[in-house]
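Reproduced below: target-v7.txt, with compact mmCIF, C-alpha atoms.
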# COMPACT_ATOMS: atom_id res chain seq x y z
CA MET Q 8 -8.85 15.37 18.62
CA ARG Q 9 -9.18 18.11 16.12
CA ARG Q 10 -6.86 17.89 13.16
CA ASP Q 11 -6.11 20.39 10.47
CA ILE Q 12 -7.03 18.74 7.22
CA PHE Q 13 -4.81 20.93 5.09
CA GLN Q 14 -1.92 20.46 7.49
CA ALA Q 15 -2.47 16.75 7.06
CA ILE Q 16 -2.06 16.89 3.32
CA ALA Q 17 0.75 19.43 3.47
CA ASP Q 18 3.19 16.64 4.35
CA PRO Q 19 4.77 14.98 1.28
CA THR Q 20 4.79 11.50 2.82
CA ARG Q 21 1.13 11.75 3.69
CA ARG Q 22 0.32 12.94 0.18
CA ALA Q 23 2.24 9.95 -1.17
CA ILE Q 24 0.26 7.66 1.11
CA ILE Q 25 -2.99 9.18 -0.16
CA ALA Q 26 -1.88 8.64 -3.76
CA LEU Q 27 -0.90 5.09 -2.96
CA ILE Q 28 -4.11 4.02 -1.28
CA ALA Q 29 -6.24 5.89 -3.81
CA LEU Q 30 -5.49 2.99 -6.15
CA GLN Q 31 -6.27 0.21 -3.71
CA SER Q 32 -6.72 -0.28 0.01
CA MET Q 33 -3.53 -1.43 1.72
CA THR Q 34 -2.24 -2.70 5.03
CA PRO Q 35 0.17 -0.51 7.04
CA ASN Q 36 2.99 -2.93 6.27
CA ALA Q 37 2.34 -2.82 2.53
CA ILE Q 38 2.24 0.97 2.67
CA ALA Q 39 5.49 1.11 4.66
CA ASP Q 40 7.22 -1.05 2.03
CA ASN Q 41 6.86 1.89 -0.36
CA PHE Q 42 8.75 4.31 1.83
CA HIS Q 43 12.26 4.59 3.17
CA THR Q 44 10.99 5.11 6.64
CA THR Q 45 10.05 3.17 9.73
CA ARG Q 46 6.73 1.41 10.17
CA GLN Q 47 6.19 3.54 13.26
CA SER Q 48 6.52 6.64 11.14
CA VAL Q 49 4.02 5.35 8.59
CA SER Q 50 1.64 4.41 11.40
CA LYS Q 51 1.86 7.95 12.73
CA HIS Q 52 1.04 9.39 9.31
CA LEU Q 53 -1.89 6.99 8.97
CA ARG Q 54 -3.16 7.99 12.37
CA ILE Q 55 -3.14 11.67 11.42
CA LEU Q 56 -4.88 10.94 8.12
CA THR Q 57 -7.46 8.85 9.93
CA GLU Q 58 -8.10 11.58 12.49
CA CYS Q 59 -8.81 13.98 9.64
CA GLN Q 60 -11.13 11.37 8.16
CA LEU Q 61 -9.13 11.46 4.96
CA VAL Q 62 -8.56 7.73 5.18
CA LYS Q 63 -10.61 4.98 6.75
CA GLN Q 64 -9.72 1.64 8.27
CA GLU Q 65 -11.35 -1.64 7.44
CA GLN Q 66 -10.78 -4.93 9.16
CA GLN Q 67 -10.37 -7.76 6.66
CA GLY Q 68 -9.62 -11.01 8.46
CA ARG Q 69 -6.64 -10.41 10.66
CA GLU Q 70 -5.40 -7.39 8.75
CA ILE Q 71 -6.41 -3.75 8.86
CA TYR Q 72 -6.67 -2.11 5.45
CA TYR Q 73 -6.49 1.61 4.84
CA SER Q 74 -8.40 3.24 2.03
CA LEU Q 75 -9.14 6.75 0.87
CA GLU Q 76 -12.22 8.53 2.20
CA ILE Q 77 -13.37 9.82 -1.18
CA ASN Q 78 -16.13 12.02 0.20
CA LYS Q 79 -13.74 14.01 2.34
CA MET Q 80 -11.49 14.70 -0.63
CA LYS Q 81 -14.53 15.71 -2.65
CA GLU Q 82 -15.55 18.06 0.11
CA ILE Q 83 -12.25 19.90 -0.23
CA ASP Q 84 -12.63 20.06 -3.99
CA LYS Q 85 -16.17 21.31 -3.62
CA TRP Q 86 -15.08 24.07 -1.32
CA LEU Q 87 -12.29 25.11 -3.68
CA GLU Q 88 -14.76 25.16 -6.56
CA GLN Q 89 -17.03 27.51 -4.64
CA PHE Q 90 -14.09 29.70 -3.76
CA ARG Q 91 -13.23 29.79 -7.45
CA LYS Q 92 -16.80 30.71 -8.38
CA ILE Q 93 -16.76 33.70 -6.06
CA TRP Q 94 -13.66 35.02 -7.78
CA GLU Q 95 -15.24 34.40 -11.13
CA THR Q 96 -18.36 36.37 -10.15
CA ARG Q 97 -16.31 39.28 -8.87
CA PHE Q 98 -14.24 39.44 -12.02
CA ASN Q 99 -17.32 39.35 -14.22
CA GLN Q 100 -18.59 42.32 -12.24
CA LEU Q 101 -15.26 44.04 -12.75
CA ASP Q 102 -15.56 43.49 -16.52
CA LYS Q 103 -18.74 45.55 -16.45
CA VAL Q 104 -17.18 48.28 -14.32
CA LEU Q 105 -14.20 48.49 -16.69
CA SER Q 106 -16.49 48.59 -19.69
CA THR Q 107 -18.44 51.49 -18.18
CA MET Q 108 -15.24 53.34 -17.33
CA LYS Q 109 -13.94 52.97 -20.86
CA LYS Q 110 -17.13 54.51 -22.24
CA GLN Q 111 -16.92 57.41 -19.80
CA LYS Q 112 -13.38 58.19 -20.91
CA LYS Q 113 -14.42 58.52 -24.53
CA MET F 26 -17.28 42.15 -23.11
CA SER F 27 -15.17 39.31 -24.34
CA ASN F 28 -15.88 35.85 -23.08
CA ASN F 29 -12.55 34.32 -23.95
CA LEU F 30 -10.57 36.15 -21.32
CA LEU F 31 -8.30 33.86 -19.35
CA PHE F 32 -9.36 32.89 -15.86
CA ASP F 33 -7.26 30.56 -13.79
CA PHE F 34 -7.62 29.58 -10.14
CA THR F 35 -5.23 27.16 -8.49
CA VAL F 36 -4.44 26.23 -4.94
CA ASP F 37 -1.14 24.98 -3.62
CA LYS F 38 -2.17 23.46 -0.33
CA THR F 39 1.42 22.73 0.64
CA ALA F 40 2.39 26.35 0.27
CA LYS F 41 -0.98 27.44 1.71
CA THR F 42 -1.28 29.66 -1.32
CA VAL F 43 -4.10 30.48 -3.72
CA PHE F 44 -3.18 31.71 -7.20
CA VAL F 45 -5.62 33.69 -9.32
CA THR F 46 -5.00 34.88 -12.88
CA ARG F 47 -7.45 36.87 -14.96
CA GLU F 48 -7.28 38.86 -18.17
CA PHE F 49 -9.25 42.07 -18.63
CA ASP F 50 -10.23 43.82 -21.81
CA ALA F 51 -8.97 47.18 -20.57
CA SER F 52 -5.75 49.10 -20.17
CA GLN F 53 -3.39 48.34 -17.32
CA SER F 54 -3.96 51.82 -15.98
CA LEU F 55 -7.72 51.32 -15.82
CA VAL F 56 -7.48 47.92 -14.17
CA TRP F 57 -5.02 49.33 -11.67
CA ASP F 58 -7.50 52.07 -10.77
CA ALA F 59 -10.29 49.53 -10.40
CA PHE F 60 -8.23 47.69 -7.80
CA THR F 61 -6.74 50.61 -5.97
CA THR F 62 -9.50 53.18 -5.59
CA ALA F 63 -12.23 52.67 -3.01
CA GLU F 64 -15.04 53.98 -5.20
CA MET F 65 -14.31 51.40 -7.85
CA LEU F 66 -13.53 48.51 -5.51
CA ASP F 67 -16.92 48.98 -3.90
CA GLN F 68 -18.60 48.47 -7.26
CA TRP F 69 -17.26 44.99 -7.90
CA GLY F 70 -15.46 43.75 -4.78
CA ALA F 71 -18.29 41.64 -3.39
CA PRO F 72 -19.94 38.86 -5.39
CA ALA F 73 -23.62 39.77 -5.81
CA PRO F 74 -25.95 39.63 -3.90
CA TRP F 75 -23.33 40.62 -1.34
CA THR F 76 -22.12 44.20 -1.32
CA THR F 77 -18.97 45.83 -0.04
CA GLN F 78 -18.27 49.25 1.36
CA THR F 79 -14.89 50.83 2.02
CA ILE F 80 -14.89 52.73 5.29
CA PHE F 81 -11.52 54.31 4.55
CA MET F 82 -8.64 53.58 2.23
CA ASP F 83 -5.21 55.11 2.56
CA PHE F 84 -3.45 53.67 -0.47
CA LYS F 85 0.20 54.14 0.38
CA VAL F 86 2.92 51.96 1.91
CA GLY F 87 2.05 51.71 5.59
CA GLY F 88 -1.54 52.72 4.84
CA ARG F 89 -4.68 50.68 5.34
CA ARG F 90 -7.99 49.90 3.72
CA PHE F 91 -10.76 49.20 6.23
CA TYR F 92 -13.92 47.84 4.68
CA LYS F 93 -16.93 45.65 5.21
CA MET F 94 -18.75 42.95 3.33
CA ILE F 95 -22.51 43.04 3.71
CA SER F 96 -24.58 39.89 3.35
CA PRO F 97 -27.99 39.91 1.62
CA GLU F 98 -29.50 39.72 5.13
CA GLY F 99 -27.62 42.84 6.13
CA GLN F 100 -24.99 41.21 8.29
CA GLU F 101 -21.65 43.01 8.18
CA TYR F 102 -18.16 41.48 8.16
CA PHE F 103 -15.21 43.78 8.64
CA SER F 104 -11.68 43.43 7.27
CA VAL F 105 -8.45 45.28 6.85
CA GLN F 106 -5.75 45.37 4.20
CA ASP F 107 -2.40 46.83 5.24
CA PHE F 108 -0.36 47.95 2.26
CA THR F 109 3.28 46.92 2.45
CA SER F 110 4.56 47.69 -1.04
CA ILE F 111 3.33 49.69 -4.01
CA SER F 112 4.88 49.93 -7.49
CA PRO F 113 2.37 52.09 -9.35
CA LYS F 114 0.47 50.34 -12.16
CA THR F 115 2.44 47.11 -11.87
CA ASN F 116 2.36 45.62 -8.38
CA TYR F 117 1.17 46.06 -4.85
CA LYS F 118 1.21 43.92 -1.76
CA TYR F 119 -0.81 43.87 1.40
CA ILE F 120 -1.33 41.88 4.58
CA SER F 121 -4.97 41.18 5.25
CA GLY F 122 -7.24 39.90 7.93
CA SER F 123 -10.53 40.08 9.79
CA SER F 124 -11.45 42.70 12.31
CA ASP F 125 -14.45 43.89 14.25
CA LYS F 126 -16.47 47.00 13.43
CA ASP F 127 -14.04 49.14 15.43
CA GLU F 128 -11.07 48.01 13.36
CA ASN F 129 -9.72 45.74 16.09
CA ILE F 130 -7.90 42.94 14.31
CA ASN F 131 -8.61 39.31 15.06
CA PRO F 132 -5.03 37.96 15.41
CA GLU F 133 -6.13 34.46 14.50
CA PHE F 134 -7.32 35.65 11.11
CA TYR F 135 -4.74 38.28 10.30
CA GLY F 136 -1.60 37.82 8.27
CA SER F 137 -2.51 36.58 4.79
CA GLU F 138 0.05 37.86 2.30
CA ASN F 139 -1.46 39.20 -0.89
CA ASN F 140 0.65 39.94 -3.96
CA LEU F 141 -1.00 41.52 -7.00
CA ASP F 142 0.67 41.91 -10.41
CA PHE F 143 -0.58 43.83 -13.42
CA SER F 144 0.79 43.71 -16.97
CA GLU F 145 -0.54 44.65 -20.38
CA ALA F 146 -0.11 43.26 -23.88
CA ASN F 147 -2.13 44.12 -26.98
CA GLY F 148 -4.67 46.07 -24.98
CA ILE F 149 -5.38 43.15 -22.66
CA THR F 150 -4.34 43.46 -19.04
CA THR F 151 -3.28 40.37 -17.17
CA PHE F 152 -3.89 40.36 -13.45
CA ARG F 153 -2.05 37.86 -11.28
CA MET F 154 -2.59 37.43 -7.60
CA SER F 155 -1.29 35.13 -4.92
CA ILE F 156 -2.72 34.86 -1.43
CA LYS F 157 -0.51 33.11 1.07
CA TYR F 158 -2.42 32.17 4.17
CA LYS F 159 -0.63 32.44 7.47
CA ASN F 160 -2.58 29.67 9.08
CA LEU F 161 -4.17 26.65 7.58
CA GLU F 162 -7.19 26.98 9.84
CA MET F 163 -8.41 29.68 7.53
CA LEU F 164 -8.59 27.23 4.68
CA GLU F 165 -9.55 24.34 6.84
CA MET F 166 -12.53 26.00 8.45
CA MET F 167 -14.19 26.12 5.06
CA ALA F 168 -14.03 22.38 4.70
CA ASN F 169 -14.70 21.51 8.29
CA ASP F 170 -17.95 19.84 9.24
CA ARG F 171 -18.37 21.74 12.47
CA PHE F 172 -18.99 24.96 10.59
CA LYS F 173 -21.87 23.42 8.72
CA GLU F 174 -23.92 22.64 11.78
CA GLY F 175 -27.00 24.75 12.22
CA PHE F 176 -26.99 26.14 8.71
CA THR F 177 -27.79 24.82 5.33
CA MET F 178 -24.52 23.69 3.88
CA THR F 179 -24.45 26.04 0.94
CA LEU F 180 -25.40 29.15 2.84
CA ASN F 181 -22.87 28.44 5.50
CA ILE F 182 -20.03 27.71 3.12
CA LEU F 183 -20.84 30.91 1.31
CA GLU F 184 -20.65 32.89 4.52
CA LYS F 185 -17.37 31.33 5.50
CA LEU F 186 -16.01 31.92 2.05
CA LEU F 187 -16.88 35.53 2.37
CA THR F 188 -15.14 35.67 5.70
CA ALA F 189 -12.07 34.49 3.85
CA LEU F 190 -12.80 36.85 1.03
CA LYS F 191 -12.59 39.75 3.39
CA GLN F 192 -8.88 39.53 3.06
CA ARG F 193 -9.39 39.26 -0.67

As structure tokens, what does this structure read like?
Amino acid sequence: MRRDIFQAIADPTRRAIIALIALQSMTPNAIADNFHTTRQSVSKHLRILTECQLVKQEQQGREIYYSLEINKMKEIDKWLEQFRKIWETRFNQLDKVLSTMKKQKK
Amino acid sequence: MSNNLLFDFTVDKTAKTVFVTREFDASQSLVWDAFTTAEMLDQWGAPAPWTTQTIFMDFKVGGRRFYKMISPEGQEYFSVQDFTSISPKTNYKYISGSSDKDENINPEFYGSENNLDFSEANGITTFRMSIKYKNLEMLEMMANDRFKEGFTMTLNILEKLLTALKQR
């Protein structure tokens, strides 16, 4: 199932979950203990995050641990950085255009 | 050209909004013209080696700018900007999106709200812009693996970025 990655992180609870498991991998129960919500609700958030590949599951003994998929987060940051660079390039070009215009006005 | 001009780029993913701030060593009036006249926009509006060409621009409330971005390989990407509000020299707003070469809008990629502010102090003009995306797919498609297939990653991201840039 296709999930919208930015939709996934638009939800405050899911962002809180990401922040929580960024520090250490956790079981769904341990994660749920940090929220005033039902375990079912936390499970649903985890499922969405997993479908976006923002978090990954690991079986450790009888428990499933959730941890942050660092590469996916980096991918978003990388894209944003490239987006930023394009703006930077355009504005540097505009600096030159403005400079030329100023000279023409003199 | 001063190198210590402010440049700030932030993204609020929750609000689906990109914020851009930039200072320019020029008067507010000049910067305004650079943003609102087709001849000038075409000189800087595409990051080299891409180029941009305005097909028409009717800069008034209810008017439209129809333009294209041209890749180094010569591929053309068309976009529109529909002006919704203009306060001369200080602010204008437009709704933007992708279209085909005949100006037919792609509804899936139309509806980004662009708000541009201009102010001047001590001869330096500060430009502030926010782009609120209607749908998150627009942002998401940039980060999504499926768009990288068949291309080199960098080239493809660049192309997709420019698709997004079409709404500028």

Problem set entry | Residues near Ala63 of chain F, cut-off 12 Å, only C-alpha atoms, skip fewer than 5 positions along chain, as a ChimeraX atom specification | /F:57-58,68-70,77-84,89-93

For this session: Give as a PyMOL selection string each residue that has an atom at most 10 Å from (-11.1, 50.9, 13.6) in the file, counting all atoms listed in the file.
Result: chain F and resi 80-81+91-92+103-105+124-130

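Atom CA of Val86 of chain F to atom CA of Glu145 of chain F spans 23.7 Å [interatomic distance, one decimal].
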
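Considering only C-alpha atoms, the residue among Q:Thr96, Q:Pro35, Q:Lys112, Q:Lys79 positioned nearest to chain F is Q:Thr96.
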
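In this model, the gap between atom CA of Arg91 of chain Q and atom CA of Phe34 of chain F comes to 6.2 Å.
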
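Interatomic distance, atom CA of Asn131 of chain F against atom CA of Lys41 of chain F: 19.4 Å.
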
For this session: Quick one: everything within 12 Å of Ser48 of chain Q, counting only C-alpha atoms, minus sequence neighbours fewer than 2 positions away in the same chain. Send it as an NGL selection string.
Result: :Q and (20-21 or 24 or 35-36 or 38-40 or 42-46 or 50-55)

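Among the candidate residues Q:Met33, Q:Ala15, Q:Gly68, Q:Ile25, the one lying nearest to chain F is Q:Ala15, with distances computed using only C-alpha atoms.
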
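Nearest residue to chain F among Q:Gln100, Q:Thr107, Q:Gln66, Q:Ser32 is Q:Gln100, counting all atoms listed in the file.
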
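Distances here use all atoms listed in the file; by that measure, the residue among F:Thr46, F:Pro72, F:Ser123, F:Leu30 closest to chain Q is F:Pro72.
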
Seminar exercise, completed: In terms of only C-alpha atoms, the residue from F:Ser96, F:Asn29, F:Ser155, F:Thr35 at minimal distance from chain Q is F:Thr35

Problem set entry | Within-12 Å shell of (-6.8, 32.5, -20.2) in input frame, only C-alpha atoms, as a ChimeraX atom specification | /F:27-34,45-50,149-153

For this session: For segment 115-121 of chain F, please output as a PyMOL selection string all residues within 6 Å (counting all atoms listed in the file; exclusion window: fewer than 5 positions along the same chain).
Result: chain F and resi 105-110+135-143+192

Exercise. Pick the closest to Leu30 of chain Q from Q:Leu75, Q:Val62, Q:Val49, Q:Leu56: which is it, counting all atoms listed in the file?
Worked result: Q:Leu75
